[in-house]
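With TSV, C-alpha atoms and all ligand atoms inside, this is target.tsv:
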chain	number	residue	atom	x	y	z
A	1	MET	CA	82.30	111.14	105.93
A	2	GLY	CA	82.79	110.09	109.52
A	3	GLN	CA	83.64	112.06	112.60
A	4	LYS	CA	83.73	115.83	112.22
A	5	LYS	CA	85.18	116.83	115.57
A	6	ILE	CA	86.97	115.33	118.55
A	7	TYR	CA	86.11	116.27	122.13
A	8	LEU	CA	89.03	117.84	123.99
A	9	GLY	CA	87.65	119.40	127.17
A	10	GLN	CA	86.08	122.63	128.31
A	11	ASN	CA	86.85	126.29	127.93
A	12	ASN	CA	84.75	128.56	130.14
A	13	ASN	CA	82.37	125.65	130.68
A	14	LEU	CA	81.85	125.19	126.95
A	15	ASP	CA	82.62	121.82	125.39
A	16	THR	CA	85.52	122.38	123.04
A	17	TYR	CA	86.48	120.22	120.07
A	18	PHE	CA	89.24	119.72	117.52
A	19	ASP	CA	87.56	120.74	114.26
A	20	LEU	CA	88.54	117.93	111.88
A	21	GLU	CA	86.82	119.55	108.92
A	22	ALA	CA	88.67	122.83	109.25
A	23	ALA	CA	92.06	121.32	110.13
A	24	SER	CA	94.87	121.16	107.57
A	25	ASN	CA	95.54	117.60	108.76
A	26	LYS	CA	94.20	115.36	111.53
A	27	HIS	CA	97.48	114.58	113.31
A	28	ILE	CA	97.48	115.31	117.03
A	29	ILE	CA	100.67	115.79	118.98
A	30	ILE	CA	100.77	116.07	122.77
A	31	PHE	CA	103.65	117.60	124.72
A	32	GLY	CA	104.17	118.01	128.44
A	33	ALA	CA	106.28	117.10	131.45
A	34	THR	CA	105.91	113.75	133.16
A	35	GLY	CA	102.64	113.49	135.06
A	36	SER	CA	101.06	116.49	133.32
A	37	GLY	CA	98.21	114.42	131.85
A	38	LYS	CA	99.26	113.49	128.30
A	39	SER	CA	98.40	109.80	128.42
A	40	VAL	CA	95.05	110.44	130.10
A	41	GLN	CA	94.16	113.02	127.45
A	42	ALA	CA	95.21	110.59	124.71
A	43	GLN	CA	92.77	108.09	126.21
A	44	ASN	CA	90.02	110.73	126.17
A	45	ILE	CA	90.69	111.45	122.51
A	46	ILE	CA	90.90	107.80	121.50
A	47	LEU	CA	87.70	107.02	123.33
A	48	ASP	CA	85.90	109.83	121.53
A	49	ILE	CA	87.13	108.48	118.18
A	50	ALA	CA	85.91	104.96	119.01
A	51	ARG	CA	82.57	106.29	120.30
A	52	ASN	CA	82.05	107.88	116.91
A	53	GLY	CA	82.73	104.64	115.07
A	54	GLY	CA	86.38	105.36	114.26
A	55	THR	CA	89.21	102.83	114.26
A	56	VAL	CA	92.40	103.22	116.28
A	57	VAL	CA	95.67	101.28	116.38
A	58	VAL	CA	97.69	101.72	119.58
A	59	LEU	CA	101.37	100.87	119.38
A	60	ASP	CA	101.77	99.94	123.01
A	61	ILE	CA	105.41	99.83	123.89
A	62	HIS	CA	105.29	100.37	127.64
A	63	SER	CA	102.00	98.70	128.37
A	64	VAL	CA	100.39	102.12	128.93
A	65	PHE	CA	97.21	100.84	127.39
A	66	SER	CA	96.77	97.74	129.50
A	67	LYS	CA	93.44	97.77	131.35
A	68	GLU	CA	95.04	98.55	134.73
A	69	GLN	CA	96.84	101.56	133.28
A	70	ILE	CA	93.79	103.19	131.77
A	71	PHE	CA	92.53	106.17	133.82
A	72	HIS	CA	89.63	104.93	135.99
A	73	VAL	CA	87.20	107.49	134.56
A	74	TYR	CA	87.61	106.10	131.03
A	75	ARG	CA	88.34	102.44	131.81
A	76	LYS	CA	84.87	100.94	131.70
A	77	GLU	CA	83.79	102.59	128.47
A	78	LEU	CA	87.14	102.16	126.80
A	79	GLU	CA	87.20	98.43	127.56
A	80	MET	CA	84.13	97.99	125.38
A	81	TYR	CA	86.18	98.97	122.34
A	82	LEU	CA	89.43	97.16	123.14
A	83	ASN	CA	90.90	94.58	120.79
A	84	GLU	CA	94.15	93.52	122.42
A	85	ILE	CA	96.78	91.88	120.25
A	86	ASP	CA	99.35	89.94	122.25
A	87	VAL	CA	102.09	90.00	119.64
A	88	TYR	CA	104.54	88.06	121.80
A	89	ASN	CA	102.30	85.02	121.96
A	90	ASP	CA	100.03	85.36	118.96
A	91	GLY	CA	102.00	87.38	116.42
A	92	ILE	CA	100.35	89.90	114.15
A	93	SER	CA	97.83	88.51	111.76
A	94	CYS	CA	97.98	90.08	108.31
A	95	ASN	CA	98.07	89.11	104.66
A	96	LEU	CA	101.55	90.44	104.22
A	97	PHE	CA	102.23	88.72	100.90
A	98	THR	CA	98.82	89.09	99.30
A	99	PRO	CA	98.94	91.53	96.38
A	100	ILE	CA	96.84	94.54	97.22
A	101	LYS	CA	93.82	95.69	95.28
A	102	PHE	CA	93.94	99.23	93.95
A	103	ALA	CA	91.04	101.62	94.17
A	104	ASP	CA	90.24	101.04	90.46
A	105	GLY	CA	89.82	97.30	91.09
A	106	THR	CA	93.06	96.13	89.49
A	107	VAL	CA	95.45	93.97	91.49
A	108	GLU	CA	99.11	94.62	92.23
A	109	LYS	CA	101.65	92.49	90.37
A	110	PRO	CA	103.35	89.90	92.63
A	111	CYS	CA	106.80	91.34	91.90
A	112	ASP	CA	105.60	94.68	93.30
A	113	THR	CA	104.18	92.98	96.37
A	114	ALA	CA	107.57	91.37	96.96
A	115	GLY	CA	109.27	94.72	96.38
A	116	ALA	CA	107.02	96.44	98.90
A	117	VAL	CA	107.60	93.79	101.56
A	118	VAL	CA	111.36	93.97	100.95
A	119	ASP	CA	111.22	97.74	101.39
A	120	ILE	CA	109.34	97.36	104.66
A	121	LEU	CA	111.72	94.72	106.05
A	122	ALA	CA	114.91	96.40	104.84
A	123	ARG	CA	113.94	99.80	106.16
A	124	ALA	CA	112.83	98.57	109.56
A	125	THR	CA	116.02	96.56	110.06
A	126	LYS	CA	118.29	99.13	108.38
A	127	MET	CA	119.73	96.91	105.66
A	128	GLY	CA	122.19	98.12	103.07
A	129	MET	CA	121.51	98.16	99.32
A	130	LYS	CA	123.44	94.97	98.67
A	131	GLN	CA	121.61	92.92	101.30
A	132	LYS	CA	118.37	94.38	100.10
A	133	GLY	CA	119.04	92.94	96.65
A	134	VAL	CA	119.69	89.51	98.10
A	135	LEU	CA	116.64	89.77	100.33
A	136	ARG	CA	114.53	90.55	97.30
A	137	GLU	CA	115.42	87.27	95.62
A	138	ILE	CA	114.75	85.37	98.81
A	139	ILE	CA	111.41	87.07	99.39
A	140	GLU	CA	110.29	86.35	95.82
A	141	ASP	CA	111.08	82.65	96.26
A	142	PHE	CA	109.41	82.68	99.66
A	143	MET	CA	106.28	84.25	98.22
A	144	TYR	CA	105.94	81.61	95.54
A	145	SER	CA	106.64	78.80	98.02
A	146	GLY	CA	103.34	79.54	99.77
A	147	PHE	CA	105.01	78.99	103.16
A	148	TYR	CA	103.74	82.26	104.56
A	149	GLU	CA	100.12	81.22	104.07
A	150	THR	CA	100.65	78.08	106.13
A	151	ARG	CA	103.30	79.05	108.67
A	152	GLY	CA	103.99	82.76	108.72
A	153	ILE	CA	107.14	84.85	108.44
A	154	GLY	CA	109.07	82.41	110.69
A	155	ALA	CA	109.25	80.00	107.75
A	156	LEU	CA	111.56	82.48	106.04
A	157	ASP	CA	114.27	80.79	108.08
A	158	PHE	CA	114.08	77.72	105.82
A	159	GLN	CA	114.44	79.89	102.77
A	160	LEU	CA	117.48	81.64	104.21
A	161	ASN	CA	119.11	78.36	105.25
A	162	PHE	CA	118.38	76.84	101.88
A	163	ASN	CA	120.71	79.23	100.01
A	164	LYS	CA	123.23	79.81	102.78
A	165	THR	CA	125.87	82.48	102.02
A	166	ASN	CA	127.51	85.25	104.05
A	167	GLU	CA	124.82	87.60	102.81
A	168	THR	CA	121.93	85.36	103.79
A	169	GLU	CA	123.48	84.85	107.23
A	170	TYR	CA	123.69	88.60	107.65
A	171	ILE	CA	120.06	88.98	106.61
A	172	ARG	CA	119.06	86.16	108.93
A	173	ASN	CA	120.67	87.99	111.84
A	174	LYS	CA	118.93	91.21	110.95
A	175	LEU	CA	115.54	89.52	110.66
A	176	TYR	CA	116.10	87.21	113.62
A	177	PRO	CA	113.67	88.98	115.99
A	178	LEU	CA	110.87	88.67	113.42
A	179	ILE	CA	111.66	85.13	112.41
A	180	SER	CA	112.25	83.71	115.87
A	181	HIS	CA	108.95	85.09	117.20
A	182	ASN	CA	107.09	84.47	113.94
A	183	ILE	CA	105.85	88.04	114.19
A	184	PHE	CA	103.70	88.09	111.05
A	185	ARG	CA	101.23	85.26	110.62
A	186	PRO	CA	98.65	84.50	107.96
A	187	GLY	CA	95.06	85.50	108.54
A	188	ASN	CA	92.69	88.38	108.33
A	189	SER	CA	93.99	91.79	109.33
A	190	PHE	CA	94.61	92.29	113.05
A	191	ILE	CA	92.80	95.62	112.78
A	192	LYS	CA	89.14	95.43	113.74
A	193	LYS	CA	87.01	98.23	112.43
A	194	GLY	CA	85.46	100.50	115.04
A	195	LYS	CA	87.81	99.15	117.72
A	196	ILE	CA	90.80	100.36	119.68
A	197	ASN	CA	93.32	97.81	118.48
A	198	VAL	CA	96.09	97.64	121.06
A	199	VAL	CA	99.27	96.10	119.70
A	200	CYS	CA	101.00	94.95	122.91
A	201	LEU	CA	104.76	94.93	122.54
A	202	GLU	CA	106.01	95.22	126.13
A	203	LYS	CA	107.29	91.62	126.35
A	204	PHE	CA	109.89	92.24	123.64
A	205	ASP	CA	113.22	93.89	124.25
A	206	LEU	CA	113.40	97.54	123.26
A	207	SER	CA	115.20	97.12	119.95
A	208	THR	CA	112.76	94.41	118.83
A	209	GLN	CA	109.83	96.63	119.83
A	210	GLU	CA	111.21	99.41	117.70
A	211	ILE	CA	111.65	97.12	114.70
A	212	ILE	CA	108.12	95.75	115.02
A	213	ALA	CA	106.69	99.24	115.44
A	214	GLU	CA	108.51	100.44	112.35
A	215	LEU	CA	107.35	97.37	110.38
A	216	LEU	CA	103.78	97.92	111.44
A	217	LEU	CA	103.83	101.60	110.60
A	218	SER	CA	105.33	100.82	107.20
A	219	TYR	CA	102.70	98.17	106.63
A	220	LEU	CA	99.91	100.58	107.60
A	221	TRP	CA	101.41	103.13	105.26
A	222	ARG	CA	101.34	100.60	102.44
A	223	MET	CA	97.70	99.75	103.16
A	224	ALA	CA	96.83	103.43	103.41
A	225	SER	CA	98.45	104.25	100.10
A	226	VAL	CA	95.93	102.05	98.29
A	227	SER	CA	93.12	103.91	100.01
A	228	SER	CA	92.31	101.24	102.58
A	229	PHE	CA	91.45	103.84	105.20
A	230	LYS	CA	90.39	106.70	102.97
A	231	GLU	CA	86.71	106.50	103.74
A	232	ASN	CA	86.65	105.78	107.46
A	233	GLY	CA	90.13	106.88	108.43
A	234	LEU	CA	92.57	105.30	110.83
A	235	PHE	CA	94.22	106.87	113.87
A	236	VAL	CA	97.51	105.44	115.14
A	237	PHE	CA	98.56	106.28	118.70
A	238	ALA	CA	102.13	106.06	119.99
A	239	ASP	CA	103.14	107.25	123.47
A	240	GLU	CA	106.77	108.32	123.95
A	241	PHE	CA	107.08	108.29	120.19
A	242	GLN	CA	110.55	109.88	120.06
A	243	ASN	CA	112.03	106.35	120.17
A	244	LEU	CA	110.22	105.53	116.95
A	245	ILE	CA	111.86	108.21	114.87
A	246	SER	CA	114.85	106.66	113.22
A	247	GLY	CA	116.00	108.89	110.42
A	248	LYS	CA	114.18	110.98	107.91
A	249	ASN	CA	112.84	108.01	105.94
A	250	CYS	CA	111.21	106.32	108.89
A	251	ALA	CA	107.54	105.51	108.59
A	252	LEU	CA	106.40	108.04	111.22
A	253	ASN	CA	107.99	110.84	109.26
A	254	GLN	CA	106.35	109.68	106.07
A	255	ILE	CA	102.94	109.42	107.72
A	256	ILE	CA	103.18	112.81	109.40
A	257	ALA	CA	104.12	114.41	106.08
A	258	GLU	CA	101.67	112.62	103.79
A	259	GLY	CA	99.18	110.63	105.88
A	260	ARG	CA	96.52	113.26	105.29
A	261	LYS	CA	96.13	112.18	101.66
A	262	PHE	CA	95.11	108.70	102.77
A	263	ASN	CA	93.29	109.54	106.01
A	264	LEU	CA	96.01	107.85	108.07
A	265	ASN	CA	96.41	109.99	111.15
A	266	LEU	CA	98.71	110.03	114.14
A	267	ILE	CA	98.20	110.76	117.81
A	268	LEU	CA	101.63	111.15	119.40
A	269	ALA	CA	102.73	112.01	122.91
A	270	THR	CA	106.12	112.91	124.29
A	271	GLN	CA	107.77	114.82	127.14
A	272	GLN	CA	110.32	116.25	124.76
A	273	PHE	CA	109.35	119.53	123.14
A	274	PRO	CA	111.65	119.75	120.10
A	275	SER	CA	114.15	122.55	119.80
A	276	SER	CA	113.72	124.51	116.58
A	277	THR	CA	117.08	123.24	115.34
A	278	GLN	CA	115.92	119.61	115.30
A	279	ARG	CA	115.49	118.47	111.75
A	280	MET	CA	112.43	116.35	112.46
A	281	ALA	CA	110.75	119.09	114.43
A	282	GLN	CA	109.35	121.03	111.53
A	283	ASN	CA	107.17	118.21	110.20
A	284	PHE	CA	105.78	117.37	113.59
A	285	MET	CA	105.00	120.96	114.42
A	286	GLN	CA	102.76	121.06	111.32
A	287	SER	CA	100.32	118.68	113.05
A	288	GLY	CA	96.72	119.82	112.78
A	289	LEU	CA	96.44	119.93	116.57
A	290	ILE	CA	99.15	120.50	119.16
A	291	LEU	CA	98.29	120.09	122.82
A	292	LEU	CA	100.68	121.69	125.26
A	293	PHE	CA	100.47	120.40	128.80
A	294	LYS	CA	102.57	121.87	131.60
A	295	PRO	CA	106.16	121.65	130.38
A	296	CYS	CA	109.25	120.98	132.51
A	297	SER	CA	110.41	124.26	133.99
A	298	ASP	CA	113.39	124.51	131.64
A	299	GLN	CA	111.10	124.26	128.60
A	300	ILE	CA	108.46	126.80	129.59
A	301	ASN	CA	110.02	129.68	127.68
A	302	ILE	CA	110.58	127.66	124.49
A	303	VAL	CA	106.97	126.45	124.53
A	304	ALA	CA	105.64	129.96	125.33
A	305	LYS	CA	107.58	131.36	122.40
A	306	PHE	CA	106.13	128.70	120.12
A	307	ILE	CA	102.58	129.63	121.16
A	308	ASP	CA	103.09	133.34	120.50
A	309	PRO	CA	106.51	135.01	120.35
A	310	ASP	CA	104.92	138.43	120.92
A	311	LYS	CA	103.16	137.39	124.10
A	312	LYS	CA	105.65	134.88	125.37
A	313	ASN	CA	105.78	136.22	128.91
A	314	GLU	CA	102.03	135.94	129.33
A	315	TRP	CA	101.98	132.42	127.92
A	316	ALA	CA	104.91	131.39	130.10
A	317	LYS	CA	102.84	132.38	133.17
A	318	ILE	CA	99.83	130.44	131.92
A	319	LEU	CA	101.94	127.38	131.10
A	320	ALA	CA	103.57	127.41	134.53
A	321	SER	CA	100.15	127.54	136.21
A	322	LEU	CA	98.61	124.57	134.31
A	323	ARG	CA	97.26	121.74	136.46
A	324	LYS	CA	97.06	118.04	135.55
A	325	GLY	CA	94.48	117.76	132.78
A	326	GLU	CA	94.81	121.39	131.65
A	327	PHE	CA	96.52	122.35	128.43
A	328	ILE	CA	96.86	124.89	125.63
A	329	ALA	CA	95.43	123.74	122.31
A	330	VAL	CA	96.97	125.10	119.10
A	331	GLY	CA	94.92	124.29	116.01
A	332	LYS	CA	91.46	124.60	114.54
A	333	LEU	CA	88.93	124.43	117.37
A	334	THR	CA	85.20	124.66	117.62
A	335	PHE	CA	82.75	125.27	120.50
A	336	ASN	CA	79.13	126.27	120.49
A	337	ASN	CA	79.11	126.19	116.65
A	338	TYR	CA	81.80	128.83	116.76
A	339	LYS	CA	85.14	128.33	115.01
A	340	TYR	CA	88.26	129.38	116.86
A	341	THR	CA	91.82	129.39	115.58
A	342	ASN	CA	93.89	131.06	118.31
A	343	PRO	CA	95.70	129.11	121.03
A	344	LEU	CA	93.21	128.32	123.78
A	345	LYS	CA	93.47	127.06	127.35
A	346	ILE	CA	91.30	123.98	127.80
A	347	SER	CA	90.55	122.06	130.96
A	348	ASN	CA	89.66	118.39	131.11
A	349	ILE	CA	90.08	117.74	134.81
A	350	MET	CA	88.03	114.73	135.86
B	401	LIG	N1	92.41	115.07	133.18
B	401	LIG	C1	92.76	114.60	134.38
B	401	LIG	N2	91.93	114.70	135.43
B	401	LIG	C2	92.29	114.21	136.64
B	401	LIG	N3	93.47	113.61	136.89
B	401	LIG	C3	94.32	113.49	135.90
B	401	LIG	C4	94.03	113.98	134.58
B	401	LIG	N4	95.07	113.72	133.79
B	401	LIG	C5	95.97	113.09	134.55
B	401	LIG	N5	95.55	112.94	135.81
B	401	LIG	C6	96.26	112.28	136.93
B	401	LIG	O1	97.64	112.42	136.73
B	401	LIG	C7	98.27	111.16	136.53
B	401	LIG	C8	99.34	111.26	135.46
B	401	LIG	O2	98.75	111.55	134.22
B	401	LIG	P1	99.32	110.94	132.87
B	401	LIG	O3	99.66	109.51	133.03
B	401	LIG	O4	98.36	111.28	131.80
B	401	LIG	O5	100.65	111.79	132.73
B	401	LIG	P2	101.68	111.83	131.50
B	401	LIG	O6	101.78	113.24	131.06
B	401	LIG	O7	101.29	110.83	130.49
B	401	LIG	O8	103.05	111.42	132.21
B	401	LIG	P3	104.29	110.56	131.61
B	401	LIG	O9	105.04	111.47	130.70
B	401	LIG	O10	105.08	110.22	132.83
B	401	LIG	O11	103.72	109.38	130.92
B	401	LIG	C9	97.14	110.21	136.18
B	401	LIG	O12	97.40	108.90	136.59
B	401	LIG	C10	95.96	110.80	136.92
B	401	LIG	O13	95.94	110.33	138.25
B	402	MG	MG	102.17	109.10	129.80
Any chance you could give the structure as C-alpha cells?
Amino acid sequence: MGQKKIYLGQNNNLDTYFDLEAASNKHIIIFGATGSGKSVQAQNIILDIARNGGTVVVLDIHSVFSKEQIFHVYRKELEMYLNEIDVYNDGISCNLFTPIKFADGTVEKPCDTAGAVVDILARATKMGMKQKGVLREIIEDFMYSGFYETRGIGALDFQLNFNKTNETEYIRNKLYPLISHNIFRPGNSFIKKGKINVVCLEKFDLSTQEIIAELLLSYLWRMASVSSFKENGLFVFADEFQNLISGKNCALNQIIAEGRKFNLNLILATQQFPSSTQRMAQNFMQSGLILLFKPCSDQINIVAKFIDPDKKNEWAKILASLRKGEFIAVGKLTFNNYKYTNPLKISNIM
C-alpha cells in the first residue's frame, strides 16, 4: 500500500516520522517566519517520499526547486529523482481531451470530457456563467476537430476566431495566456511515476502562473477523482501557497477537503499563520500534519495558543527559542515503534 511513514527529524536522538497509517489525512502544512527552515524541510519530506517510490508534483512558482536552490545536503540525492518541466518552453504534456477511464473499466462520454475541461478553464480564469456556456460550445467543436491532438491548446485560437462574437473575444482574452504559450500540449502525462516532477513556472508573470497552477491543480483533481492515484498516491507541493487560494471553490480548497478519498495529498508552506477568523483557515488546519517553525515575533502567541491554549505560555517560550531546522509537529507521529499524538519538538538541523 506504499509508504507508511515520512521521516521528519529527531526527537531526543530518536528518528521521528509522520505516521501516514494513523493520520486522518496525509496533507502536510508548514508554517514559519522567513528563513526558519520551511523550504529545506519540505525538501527533506519530498526526498523521503521519492526514496520510498512515491510520486511528487512541485508547483514551482519562484524557482525554489531549481537545482541551485536545493539545500546542499539534499541536492545530490534529490537530483536523481528530478523531472523538470519547463512549461514556458515546452508546455505541459497531457491528454486533456481524452475521455477518462473509470475504475470499473467504462469510458467517460465525450460530452462529459468537454464539460470537465470547460469547468477547469472557466474556474481557473474566473469566467461568468454566460461565457462558460459559450466556451462549452467552442470546446465541444474543438474536441471533435482533433486539433488538440496535433497542435495543443493554442489551436483553440482558430476555433475562437472562426465564430467571432463579443463573447468569443472576451473568452479569447481570458484564455490568452494559455493559448499564446500553448500551455497544454498533446502527449503522455507530464507526471513521471516515482519522480519529483517540478513544474517550472517562474518565467511567466504572476497572474499567468496562478492561472496555470489552478488549471494544473484542477486537472490533477479530475485525474484523482477517477482513482488515478488511489493505489500509489500523489503528493503536490506548493511553497508560498497563499497566492493559490482564490475563493472557496478553488482547487486547493477542494483537494484539502476531499483529496484523502483519492490519495491526492498536499504539502504546503507559508509564512502566514492564519487567524482563526479566516474562512479558509479551518480546512487547512485540519491537515494530518502541521509543522510549526519559528514564527514571526508577532505571531508567537497565536501559534502557541493553537498548539495548546492551556499551556500557551510554555509553548510561546519554546517557539521563540526554535533554531533553523527545528519545529513543533502537530499530528500523528511515530518513533521507535511507539505512536505519539501530542505536539512534539523535532530537530532536523543538518
Ligand atoms: N534543517 C536545517 N539545517 C541546517 N540549516 C538549515 C536548515 N533549514 C534551513 N537551514 C538554513 O536556513 C536557510 C533558510 O531556510 P529555508 O529556505 O528553508 O527558509 P524558509 O522558511 O523557507 O524561508 P522563506 O519563507 O524565506 O522561504 C537555508 O538556506 C539554510 O542555509
Ligand atoms: Mg522558503
Surrounding residues as a JSON list (two decimals) with C-alpha atoms, in the frame of the given file, ligand MG 402 (chain B), max 9 Å, all atoms listed in the file:
[["chain", "number", "residue", "atom", "x", "y", "z"],
["A", 34, "THR", "CA", 105.91, 113.75, 133.16],
["A", 35, "GLY", "CA", 102.64, 113.49, 135.06],
["A", 36, "SER", "CA", 101.06, 116.49, 133.32],
["A", 37, "GLY", "CA", 98.21, 114.42, 131.85],
["A", 38, "LYS", "CA", 99.26, 113.49, 128.30],
["A", 39, "SER", "CA", 98.40, 109.80, 128.42],
["A", 40, "VAL", "CA", 95.05, 110.44, 130.10],
["A", 42, "ALA", "CA", 95.21, 110.59, 124.71],
["A", 64, "VAL", "CA", 100.39, 102.12, 128.93],
["A", 239, "ASP", "CA", 103.14, 107.25, 123.47],
["A", 240, "GLU", "CA", 106.77, 108.32, 123.95],
["A", 269, "ALA", "CA", 102.73, 112.01, 122.91],
["A", 270, "THR", "CA", 106.12, 112.91, 124.29],
["A", 271, "GLN", "CA", 107.77, 114.82, 127.14]]
Provide the CA of Val107 (chain A) to CA of Val57 (chain A) distance in Å, to one decimal place.
25.9 Å
Measuring between all atoms listed in the file, which one of A:Ile196, A:Val73, A:Ile191, A:Leu47 shows the shortest distance to ligand LIG 401 (chain B)?
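Nearest to ligand LIG 401 (chain B): A:Val73.
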Please provide as a list in words all residues within 12 Å of Ser66 (chain A), with the sequence filter that same-chain residues fewer than 5 positions apart are discarded (counting all atoms listed in the file).
Gln43, Val58, Leu59, Asp60, Ile61, Phe71, Arg75, Leu78, Glu79, Leu82, Asn83, Glu84, Ile85, Asp86, Ile196, Asn197, Val198, Val199, Cys200, Leu201 and Glu202 of chain A
With distances taken over all atoms listed in the file, which residue among A:Glu68, A:Glu137, A:Glu231, A:Asp104 lies nearest ligand LIG 401 (chain B)?
A:Glu68
Which distance in Å separates CA of Glu169 (chain A) and CA of Thr208 (chain A), to one decimal?
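So the answer is 18.5 Å.
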Residue nearest ligand LIG 401 (chain B) among A:Ala33, A:Met129, A:Ile120, A:Leu20 (counting all atoms listed in the file)
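Looking only at the distances to ligand LIG 401 (chain B), the closest residue turns out to be A:Ala33.
Between CA of Lys317 (chain A) and CA of Tyr7 (chain A) lies a distance of 25.7 Å.
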Which neighbours of region 170-180 of chain A fall inside 7 Å, counting only C-alpha atoms, when residues of the same chain fewer than 6 positions from it are skipped, and could you give them as a PyMOL selection string?
chain A and resi 125+131+153-154+156-157+160+208
Those residues with C-alpha atoms, as a PDB file, in the frame of the given file please?
ATOM      1  CA  THR A 125     116.020  96.560 110.060  1.00  0.00           C
ATOM      2  CA  GLN A 131     121.610  92.920 101.300  1.00  0.00           C
ATOM      3  CA  ILE A 153     107.140  84.850 108.440  1.00  0.00           C
ATOM      4  CA  GLY A 154     109.070  82.410 110.690  1.00  0.00           C
ATOM      5  CA  LEU A 156     111.560  82.480 106.040  1.00  0.00           C
ATOM      6  CA  ASP A 157     114.270  80.790 108.080  1.00  0.00           C
ATOM      7  CA  LEU A 160     117.480  81.640 104.210  1.00  0.00           C
ATOM      8  CA  THR A 208     112.760  94.410 118.830  1.00  0.00           C
TER       9      THR A 208
END
